[in-house]
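*Asks:* Sharing entry-v9.csv below, CSV, C-alpha atoms and all ligand atoms:
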chain,number,residue,atom,x,y,z
Y,292,MET,CA,13.7,2.5,-11.6
Y,293,LYS,CA,12.8,3.9,-8.1
Y,294,LYS,CA,9.4,5.6,-7.8
Y,295,ILE,CA,9.7,8.8,-5.8
Y,296,LEU,CA,7.0,11.2,-4.7
Y,297,LEU,CA,7.8,14.9,-4.9
Y,298,ILE,CA,5.9,16.7,-2.1
Y,299,ALA,CA,6.1,20.3,-3.2
Y,300,THR,CA,5.3,22.8,-0.4
Y,301,GLY,CA,6.6,26.2,-1.7
Y,302,GLY,CA,9.6,28.3,-0.8
Y,303,THR,CA,12.0,30.2,-2.9
Y,304,ILE,CA,12.6,27.2,-5.1
Y,305,ALA,CA,8.9,27.5,-6.3
Y,306,SER,CA,8.7,31.3,-6.3
Y,307,LYS,CA,8.2,34.0,-8.9
Y,308,PRO,CA,8.6,37.7,-8.5
Y,309,THR,CA,5.5,39.7,-7.6
Y,310,LYS,CA,5.0,43.4,-7.0
Y,311,HIS,CA,5.7,42.8,-3.3
Y,312,GLY,CA,8.7,40.4,-3.6
Y,313,LEU,CA,9.1,36.7,-4.3
Y,314,ALA,CA,6.1,34.4,-3.6
Y,315,PRO,CA,5.5,30.7,-4.3
Y,316,ALA,CA,3.7,30.3,-7.6
Y,317,ILE,CA,5.3,27.3,-9.4
Y,318,SER,CA,3.6,23.9,-9.7
Y,319,PRO,CA,5.5,20.7,-9.0
Y,320,LYS,CA,5.1,19.7,-12.6
Y,321,GLU,CA,6.9,22.9,-13.7
Y,322,LEU,CA,9.6,22.3,-11.1
Y,323,LEU,CA,10.3,18.8,-12.4
Y,324,ALA,CA,10.3,20.1,-16.0
Y,325,CYS,CA,13.1,22.4,-15.0
Y,326,VAL,CA,15.3,19.5,-14.0
Y,327,PRO,CA,15.1,17.0,-16.8
Y,328,GLU,CA,18.0,14.9,-15.5
Y,329,ILE,CA,15.7,13.6,-12.8
Y,330,GLU,CA,14.2,11.3,-15.4
Y,331,LYS,CA,17.4,9.4,-15.6
Y,332,THR,CA,17.5,8.9,-11.8
Y,333,ALA,CA,13.9,8.0,-10.9
Y,334,GLU,CA,10.3,7.9,-11.9
Y,335,ALA,CA,8.9,11.0,-10.3
Y,336,PHE,CA,5.3,11.6,-9.2
Y,337,GLU,CA,4.1,14.8,-7.5
Y,338,VAL,CA,1.7,16.3,-5.0
Y,339,GLN,CA,1.3,19.8,-3.7
Y,340,PRO,CA,-0.5,19.9,-0.4
Y,341,PHE,CA,0.2,23.7,0.0
Y,342,ASN,CA,2.4,26.3,-1.7
Y,343,LEU,CA,3.7,28.6,1.0
Y,344,ASP,CA,6.6,30.7,1.9
Y,345,SER,CA,7.9,28.6,4.8
Y,346,THR,CA,7.4,31.5,7.2
Y,347,ASN,CA,3.8,30.4,7.0
Y,348,VAL,CA,4.5,26.7,7.7
Y,349,SER,CA,3.4,25.6,11.1
Y,350,PRO,CA,3.0,22.2,13.0
Y,351,ARG,CA,-0.2,21.4,11.2
Y,352,HIS,CA,1.7,21.5,7.9
Y,353,TRP,CA,4.3,19.1,9.4
Y,354,LEU,CA,1.5,16.7,10.3
Y,355,GLU,CA,0.0,17.0,6.8
Y,356,ILE,CA,3.4,16.1,5.2
Y,357,ALA,CA,3.8,13.1,7.6
Y,358,ARG,CA,0.2,12.0,6.8
Y,359,ILE,CA,0.9,12.1,3.0
Y,360,ILE,CA,4.0,10.0,3.5
Y,361,GLU,CA,2.2,7.5,5.8
Y,362,GLU,CA,-0.7,7.1,3.4
Y,363,ARG,CA,1.5,6.7,0.3
Y,364,TYR,CA,4.4,4.8,2.0
Y,365,GLY,CA,3.7,1.6,0.3
Y,366,GLU,CA,3.4,3.1,-3.2
Y,367,PHE,CA,6.8,4.8,-3.3
Y,368,ASP,CA,10.5,4.1,-2.7
Y,369,GLY,CA,11.2,7.5,-1.3
Y,370,PHE,CA,10.0,11.0,-0.8
Y,371,VAL,CA,11.5,14.4,-1.8
Y,372,ILE,CA,10.0,17.4,-0.1
Y,373,THR,CA,10.6,20.9,-1.7
Y,374,HIS,CA,10.3,23.5,1.0
Y,375,GLY,CA,11.3,27.1,1.9
Y,376,THR,CA,14.7,27.3,3.5
Y,377,ASP,CA,13.6,29.6,6.4
Y,378,THR,CA,11.9,26.9,8.5
Y,379,MET,CA,13.2,23.8,6.7
Y,380,ALA,CA,15.3,22.8,9.7
Y,381,TYR,CA,12.2,22.8,11.9
Y,382,THR,CA,10.2,20.7,9.4
Y,383,ALA,CA,13.2,18.3,9.0
Y,384,ALA,CA,13.4,18.0,12.8
Y,385,ALA,CA,9.6,17.5,13.2
Y,386,LEU,CA,9.5,14.8,10.5
Y,387,SER,CA,12.4,13.1,12.2
Y,388,TYR,CA,10.2,12.6,15.3
Y,389,LEU,CA,6.9,12.0,13.5
Y,390,ILE,CA,8.4,9.3,11.2
Y,391,GLN,CA,11.0,7.2,12.9
Y,392,ASN,CA,13.1,4.3,11.5
Y,393,SER,CA,12.1,4.9,7.9
Y,394,ALA,CA,13.9,2.5,5.6
Y,395,LYS,CA,12.7,4.7,2.7
Y,396,PRO,CA,14.5,8.1,2.4
Y,397,ILE,CA,12.6,11.3,3.2
Y,398,VAL,CA,14.6,14.1,1.7
Y,399,LEU,CA,14.0,17.9,2.1
Y,400,THR,CA,15.5,20.4,-0.2
Y,401,GLY,CA,14.9,23.9,-1.5
Y,402,SER,CA,17.0,26.7,-2.8
Y,403,GLN,CA,18.3,30.2,-2.2
Y,404,LYS,CA,17.2,31.4,-5.7
Y,405,SER,CA,14.1,30.6,-7.7
Y,406,VAL,CA,14.3,27.8,-10.1
Y,407,TYR,CA,13.7,30.2,-13.0
Y,408,LEU,CA,16.8,32.3,-12.4
Y,409,ARG,CA,19.8,31.5,-14.6
Y,410,ASP,CA,22.2,31.4,-11.6
Y,411,THR,CA,19.9,29.4,-9.4
Y,412,ASP,CA,21.0,26.6,-7.0
Y,413,ALA,CA,17.5,25.0,-7.4
Y,414,ARG,CA,18.2,22.7,-10.2
Y,415,LYS,CA,21.3,21.2,-8.6
Y,416,ASN,CA,19.6,20.8,-5.2
Y,417,LEU,CA,16.6,19.1,-6.7
Y,418,ALA,CA,18.7,16.8,-8.9
Y,419,ASP,CA,20.9,16.0,-5.8
Y,420,ALA,CA,17.8,15.3,-3.6
Y,421,PHE,CA,16.4,12.9,-6.2
Y,422,ALA,CA,19.9,11.2,-6.7
Y,423,TYR,CA,20.3,10.7,-2.9
Y,424,CYS,CA,16.6,9.6,-2.5
Y,425,ALA,CA,17.0,7.0,-5.3
Y,426,ASP,CA,20.2,5.6,-3.8
Y,427,ASP,CA,20.1,2.1,-2.1
Y,428,GLY,CA,22.1,3.4,0.8
Y,429,ALA,CA,19.7,6.2,1.7
Y,430,SER,CA,17.1,6.0,4.5
Y,431,GLY,CA,15.7,8.2,7.3
Y,432,VAL,CA,15.0,12.0,7.2
Y,433,HIS,CA,17.7,14.3,5.8
Y,434,ILE,CA,18.2,17.7,4.2
Y,435,VAL,CA,20.1,17.7,0.9
Y,436,PHE,CA,21.4,21.1,0.1
Y,437,ASP,CA,24.5,22.4,-1.8
Y,438,GLY,CA,25.8,18.9,-2.0
Y,439,SER,CA,25.6,18.1,1.7
Y,440,VAL,CA,23.4,15.4,3.2
Y,441,ILE,CA,22.5,16.5,6.7
Y,442,LEU,CA,20.5,14.6,9.4
Y,443,GLY,CA,17.1,16.1,9.9
Y,444,THR,CA,17.7,16.4,13.6
Y,445,ARG,CA,21.0,18.2,13.1
Y,446,ALA,CA,20.3,20.9,10.5
Y,447,LYS,CA,20.3,24.6,11.0
Y,448,LYS,CA,20.0,27.4,8.5
Y,449,THR,CA,23.2,29.3,9.0
Y,450,ARG,CA,23.3,31.6,6.0
Y,451,THR,CA,20.5,33.8,4.6
Y,452,ARG,CA,21.9,34.2,1.0
Y,453,SER,CA,24.8,31.9,0.2
Y,454,PHE,CA,24.2,28.5,-1.5
Y,455,ASN,CA,25.6,26.6,1.5
Y,456,ALA,CA,22.7,27.7,3.6
Y,457,PHE,CA,22.6,24.7,5.9
Y,458,THR,CA,25.1,23.4,8.5
Y,459,SER,CA,25.0,20.2,10.4
Y,460,ILE,CA,25.5,21.3,14.0
Y,461,ASP,CA,27.9,19.3,16.2
Y,462,PHE,CA,27.5,16.3,13.9
Y,463,PRO,CA,29.2,15.5,10.6
Y,464,ASP,CA,27.4,15.6,7.3
Y,465,VAL,CA,26.3,12.0,6.7
Y,466,ALA,CA,27.1,12.1,3.0
Y,467,ALA,CA,27.9,14.3,0.1
Y,468,VAL,CA,26.4,14.3,-3.3
Y,469,ARG,CA,29.0,14.7,-6.0
Y,470,ASP,CA,28.2,14.6,-9.8
Y,471,GLY,CA,24.9,13.1,-8.9
Y,472,LYS,CA,26.3,10.3,-6.7
Y,473,PRO,CA,26.1,10.0,-2.9
Y,474,PHE,CA,29.3,9.4,-1.0
Y,475,TYR,CA,28.6,8.2,2.5
Y,476,TYR,CA,30.7,9.4,5.4
Y,477,ILE,CA,28.4,7.8,8.0
Y,478,PRO,CA,26.6,4.9,6.4
Y,479,GLN,CA,23.3,4.2,8.2
Y,480,LYS,CA,20.5,2.2,6.7
Y,481,TYR,CA,17.3,1.7,8.6
Y,482,THR,CA,15.5,-1.5,8.0
Y,483,GLY,CA,12.1,-2.8,9.1
Y,484,ASP,CA,8.9,-0.9,9.5
Y,485,PRO,CA,8.7,2.9,10.1
Y,486,VAL,CA,6.9,4.2,13.2
Y,487,PHE,CA,4.5,7.1,12.5
Y,488,TYR,CA,3.2,9.5,15.1
Y,489,HIS,CA,0.1,11.6,14.5
Y,490,SER,CA,0.1,14.6,16.9
Y,491,LEU,CA,2.2,17.4,18.2
Y,492,ALA,CA,1.6,19.7,21.2
Y,493,GLU,CA,2.1,23.2,20.0
Y,494,ASP,CA,2.3,25.0,23.4
Y,495,VAL,CA,6.1,25.2,23.5
Y,496,PHE,CA,7.7,28.6,24.1
Y,497,VAL,CA,11.2,29.8,23.5
Y,498,LEU,CA,12.6,32.5,25.6
Y,499,LYS,CA,15.9,34.1,24.6
Y,500,LEU,CA,17.7,35.8,27.5
Y,501,ILE,CA,19.3,39.2,27.1
Y,502,PRO,CA,21.3,40.9,29.8
Y,503,GLY,CA,18.9,42.8,32.0
Y,504,LEU,CA,15.7,41.0,30.9
Y,505,SER,CA,13.0,41.2,33.5
Y,506,SER,CA,11.6,37.9,35.0
Y,507,ASP,CA,8.2,39.5,34.6
Y,508,VAL,CA,8.0,37.6,31.4
Y,509,PHE,CA,6.7,34.8,33.5
Y,510,ASP,CA,3.5,36.9,34.0
Y,511,TYR,CA,2.8,36.1,30.4
Y,512,LEU,CA,4.1,32.5,30.4
Y,513,ASP,CA,2.5,31.2,33.5
Y,514,GLY,CA,-0.9,30.4,32.1
Y,515,ARG,CA,0.3,29.5,28.7
Y,516,ALA,CA,3.2,27.2,27.6
Y,517,ARG,CA,3.4,23.7,28.9
Y,518,ALA,CA,7.1,23.6,28.0
Y,519,LEU,CA,9.6,26.5,28.0
Y,520,VAL,CA,13.0,26.4,26.3
Y,521,ILE,CA,15.3,29.0,27.8
Y,522,GLU,CA,18.1,30.1,25.4
Y,523,SER,CA,20.6,31.3,27.9
Y,524,PHE,CA,24.2,32.3,27.6
Y,525,GLY,CA,27.3,30.2,27.1
Y,526,THR,CA,27.1,26.7,28.7
Y,527,GLY,CA,23.9,27.8,30.4
Y,528,GLY,CA,22.8,29.6,33.5
Y,529,LEU,CA,20.2,32.0,34.9
Y,530,PRO,CA,20.9,35.6,36.2
Y,531,ALA,CA,21.1,35.8,40.0
Y,532,TYR,CA,19.4,39.2,39.9
Y,533,GLY,CA,15.7,40.1,39.3
Y,534,GLY,CA,14.0,37.1,41.0
Y,535,TRP,CA,14.6,34.8,38.0
Y,536,GLU,CA,15.2,31.7,40.2
Y,537,ALA,CA,12.0,32.2,42.3
Y,538,ARG,CA,9.9,32.7,39.1
Y,539,LEU,CA,11.4,29.6,37.5
Y,540,SER,CA,10.8,27.4,40.6
Y,541,ALA,CA,7.2,28.5,40.8
Y,542,TYR,CA,6.8,27.8,37.1
Y,543,LEU,CA,8.3,24.3,37.5
Y,544,LYS,CA,6.0,23.6,40.5
Y,545,ARG,CA,3.0,24.0,38.2
Y,546,GLY,CA,4.2,20.9,36.4
Y,547,LYS,CA,5.8,22.6,33.4
Y,548,THR,CA,8.8,21.3,31.5
Y,549,VAL,CA,11.8,23.7,31.2
Y,550,VAL,CA,14.8,23.0,29.0
Y,551,PHE,CA,17.9,25.1,29.1
Y,552,THR,CA,19.8,25.6,25.9
Y,553,THR,CA,22.4,28.0,24.7
Y,554,GLN,CA,22.5,30.9,22.3
Y,555,VAL,CA,25.9,29.8,21.1
Y,556,GLU,CA,25.6,27.9,17.8
Y,557,ARG,CA,28.0,25.1,18.6
Y,558,GLU,CA,29.1,22.7,21.3
Y,559,GLY,CA,25.9,22.8,23.4
Y,560,SER,CA,25.1,23.5,27.0
Y,561,ALA,CA,26.8,22.2,30.1
Y,562,LEU,CA,24.8,23.4,33.0
Y,563,ASP,CA,27.1,21.9,35.6
Y,564,LYS,CA,30.1,23.9,34.6
Y,565,TYR,CA,29.3,27.2,36.4
Y,566,GLU,CA,27.5,28.0,39.6
Y,567,VAL,CA,25.0,30.1,37.6
Y,568,GLY,CA,23.9,26.9,35.9
Y,569,SER,CA,24.6,24.0,38.3
Y,570,ARG,CA,22.1,25.2,40.9
Y,571,LEU,CA,19.3,24.9,38.4
Y,572,LYS,CA,19.6,21.2,38.0
Y,573,GLY,CA,18.2,20.8,41.6
Y,574,LEU,CA,15.1,22.6,40.5
Y,575,GLY,CA,14.3,19.9,38.0
Y,576,VAL,CA,15.2,21.6,34.7
Y,577,LEU,CA,16.4,19.6,31.6
Y,578,GLU,CA,19.2,20.7,29.3
Y,579,ALA,CA,19.5,20.4,25.6
Y,580,ARG,CA,23.2,19.6,25.6
Y,581,SER,CA,24.2,19.4,21.9
Y,582,MET,CA,20.6,19.5,20.5
Y,583,THR,CA,19.8,22.2,18.0
Y,584,LEU,CA,17.0,24.6,19.0
Y,585,GLU,CA,14.9,23.3,16.1
Y,586,ALA,CA,15.2,19.7,17.3
Y,587,THR,CA,14.7,20.7,21.0
Y,588,VAL,CA,11.4,22.5,20.1
Y,589,CYS,CA,10.1,19.7,17.9
Y,590,LYS,CA,11.1,17.0,20.3
Y,591,LEU,CA,9.1,18.7,23.1
Y,592,MET,CA,6.1,19.1,20.8
Y,593,TRP,CA,6.3,15.4,19.9
Y,594,LEU,CA,6.8,14.3,23.6
Y,595,LEU,CA,4.2,16.5,25.1
Y,596,SER,CA,1.6,15.0,22.7
Y,597,PHE,CA,1.8,11.6,24.5
Y,598,ALA,CA,4.1,11.7,27.5
Y,599,ALA,CA,3.7,13.1,31.0
Y,600,GLY,CA,5.6,13.5,34.3
Y,601,ASP,CA,9.1,11.9,34.5
Y,602,ASP,CA,8.7,10.2,31.2
Y,603,ILE,CA,9.2,13.6,29.5
Y,604,GLY,CA,12.7,13.9,30.9
Y,605,ARG,CA,13.6,10.3,30.3
Y,606,LEU,CA,12.4,10.4,26.7
Y,607,PHE,CA,13.9,13.8,26.1
Y,608,TYR,CA,17.4,12.4,26.8
Y,609,THR,CA,16.7,9.2,24.8
Y,610,PRO,CA,18.4,9.8,21.4
Y,611,VAL,CA,16.3,9.9,18.2
Y,612,ASP,CA,18.4,9.9,15.0
Y,613,HIS,CA,21.5,11.2,16.8
Y,614,ASP,CA,19.6,14.4,18.0
Y,615,ILE,CA,21.4,14.3,21.4
Y,616,LEU,CA,24.9,13.1,22.1
K,701,LIG,N1,11.3,32.9,2.4
K,701,LIG,C1,11.7,31.7,1.7
K,701,LIG,C2,11.0,30.5,2.4
K,701,LIG,O1,11.4,30.0,3.4
K,701,LIG,C3,13.1,31.5,1.7
K,701,LIG,C4,13.6,30.3,0.9
K,701,LIG,O2,12.9,29.4,0.5
K,701,LIG,O3,14.9,30.3,0.7
K,701,LIG,O4,9.9,30.1,2.0
Would you kindly transcribe this structure into structure tokens?
Ligand code: ASP
*Replies:*
Amino acid sequence: MKKILLIATGGTIASKPTKHGLAPAISPKELLACVPEIEKTAEAFEVQPFNLDSTNVSPRHWLEIARIIEERYGEFDGFVITHGTDTMAYTAAALSYLIQNSAKPIVLTGSQKSVYLRDTDARKNLADAFAYCADDGASGVHIVFDGSVILGTRAKKTRTRSFNAFTSIDFPDVAAVRDGKPFYYIPQKYTGDPVFYHSLAEDVFVLKLIPGLSSDVFDYLDGRARALVIESFGTGGLPAYGGWEARLSAYLKRGKTVVFTTQVEREGSALDKYEVGSRLKGLGVLEARSMTLEATVCKLMWLLSFAAGDDIGRLFYTPVDHDIL
């Protein structure tokens, strides 16, 4: 039987009601006890590095999860991480960059309702996560949720309440878990040794454009972020009014990295399509194309921690786990 380490980090799945709303309070042992069928799938062990609503999860927690997996990689056949759904897509993306080419599956899951509620999705999600994690065909970093197996670099939370909370953006689900068995749509098994990274640069900023926004926002950004992601409109562009282009050029001349992405959920950016976007390429900006915002942010944090100059652009466009097409 496969040995799987449950890394419990909090979220709704581990929450109980308090006077001020739900808050994480359930231990990993209690979680496992709620899903007895896991015993038939795997030998489960557990650790709880923190017990947080995922709103409170930050890059140092991603590094902590990655450190636990690296330290205990030899002991286990796979890892299941229970996590709040709100920032799970960021954690999944971050782990996809921090732990690459992992032959052993690293599976994130959570739920929309606490494990103790009668109509919860927690028990199914946890059982599915273990079933997928224990399967010989599984490897790499994925989210298992509502029966879907989604690449860590492709996941986005697209519903705040429904059980099908996560969507694989511009990439198919890689598998489905049905009646406790994975069915692979895109079989991909990593072999060989994993590559672990140990740092992230946190000074990445996301700016969402709205019509009429003042470019004075650069007064704030100039001395701060090393990388700026601009969530612009449609296929991507910058307003011709308000001195945006001059402020952006000055920002780039300070050696900053700027990535254009889109506010539209699907089909990505295409800066060359319209004049409002094509003129930006000459300034030296990058574009996220089909990458999710979560993957874009985490890839920049990962790259800025070790790369500089032209290498950042080259590596940004080098695919990791199908993050960019
Ligand atoms: N606020 C919760 C969290 O992200 C939501 C959830 O887990 O579904 O921790």
*Asks:* I want to know what sits within 9 Å of Leu322 of chain Y, based on all atoms listed in the file, with residues of the same chain fewer than 4 positions away left out; could you give that as a list in words?
*Replies:*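 Counting all atoms listed in the file, the residues come to Ala299, Ile304, Ala305, Ile317, Ser318, Val326, Val406, Arg414 and Leu417 of chain Y.
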*Asks:* Could you give me the residues within 7 Å of ligand LIG 701 (chain K), counting only C-alpha atoms and all ligand atoms, as a list in words?
*Replies:*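 Result of the 7 Å neighbour search around ligand LIG 701 (chain K): Gly301, Gly302, Thr303, Ile304, Leu343, Asp344, Ser345, Thr346, His374, Gly375, Thr376, Asp377, Thr378, Gly401, Ser402, Gln403 and Lys404 of chain Y.
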*Asks:* Compile the contact shell of segment 333-339 of chain Y as a ChimeraX atom specification: residues with an atom at most 12 Å away, counting all atoms listed in the file, same-chain residues fewer than 5 positions apart removed.
*Replies:* /Y:292-301,305,315-324,326-328,352,355-356,359-360,363,366-374,417-426
*Asks:* Would you please work out which residue, of Y:Ala385, Y:Gln391, Y:Ser569, Y:Ile329, is nearest to Asn416 of chain Y when using all atoms listed in the file?
*Replies:*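 Closest to Asn416 of chain Y of all the choices is Y:Ile329.
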*Asks:* What does the distance from atom CA of Asp513 of chain Y to atom CA of Ser560 of chain Y come to in Å, to one decimal?
*Replies:*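 Atom-to-atom, atom CA of Asp513 of chain Y to atom CA of Ser560 of chain Y, that is 24.7 Å.
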*Asks:* Which residue, Y:Arg450, Y:Gly471, Y:Phe597, Y:Cys325, has the smallest gap to Arg409 of chain Y when you use only C-alpha atoms?
*Replies:*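 Counting only C-alpha atoms, the residue closest to Arg409 of chain Y is Y:Cys325.
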*Asks:* Could you list as a count of residues only every residue that has an atom within 6 Å of (10.3, 12.9, 7.0), using the file's coordinates and counting all atoms listed in the file?
*Replies:* 5
*Asks:* Near Gln554 of chain Y, counting all atoms listed in the file, which residues have an atom at most 10 Å away, once you skip same-chain residues fewer than 2 positions from it, shown as a list in words?
*Replies:*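 Near neighbours after the sequence-gap exclusion: Lys499, Leu500, Ile521, Glu522, Ser523, Phe524, Gly525, Thr526, Gly527, Thr552, Glu556, Arg557, Gly559, Ser560 and Leu584 of chain Y.
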*Asks:* Restricted to C-alpha atoms, what would the selected residues look like written as a short mmCIF file (atom, residue, chain, number, x, y, z; two decimals), in the coordinates of the input?
*Replies:*
data_model
loop_
_atom_site.label_atom_id
_atom_site.label_comp_id
_atom_site.auth_asym_id
_atom_site.auth_seq_id
_atom_site.Cartn_x
_atom_site.Cartn_y
_atom_site.Cartn_z
CA LYS Y 499 15.90 34.10 24.60
CA LEU Y 500 17.70 35.80 27.50
CA ILE Y 521 15.30 29.00 27.80
CA GLU Y 522 18.10 30.10 25.40
CA SER Y 523 20.60 31.30 27.90
CA PHE Y 524 24.20 32.30 27.60
CA GLY Y 525 27.30 30.20 27.10
CA THR Y 526 27.10 26.70 28.70
CA GLY Y 527 23.90 27.80 30.40
CA THR Y 552 19.80 25.60 25.90
CA GLU Y 556 25.60 27.90 17.80
CA ARG Y 557 28.00 25.10 18.60
CA GLY Y 559 25.90 22.80 23.40
CA SER Y 560 25.10 23.50 27.00
CA LEU Y 584 17.00 24.60 19.00
#
*Asks:* Using all atoms listed in the file, find the one residue out of Y:Phe474, Y:Ser349, Y:Ser306, Y:Phe457 that sits nearest to Ala413 of chain Y.
*Replies:*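 Closest to Ala413 of chain Y of all the choices is Y:Ser306.
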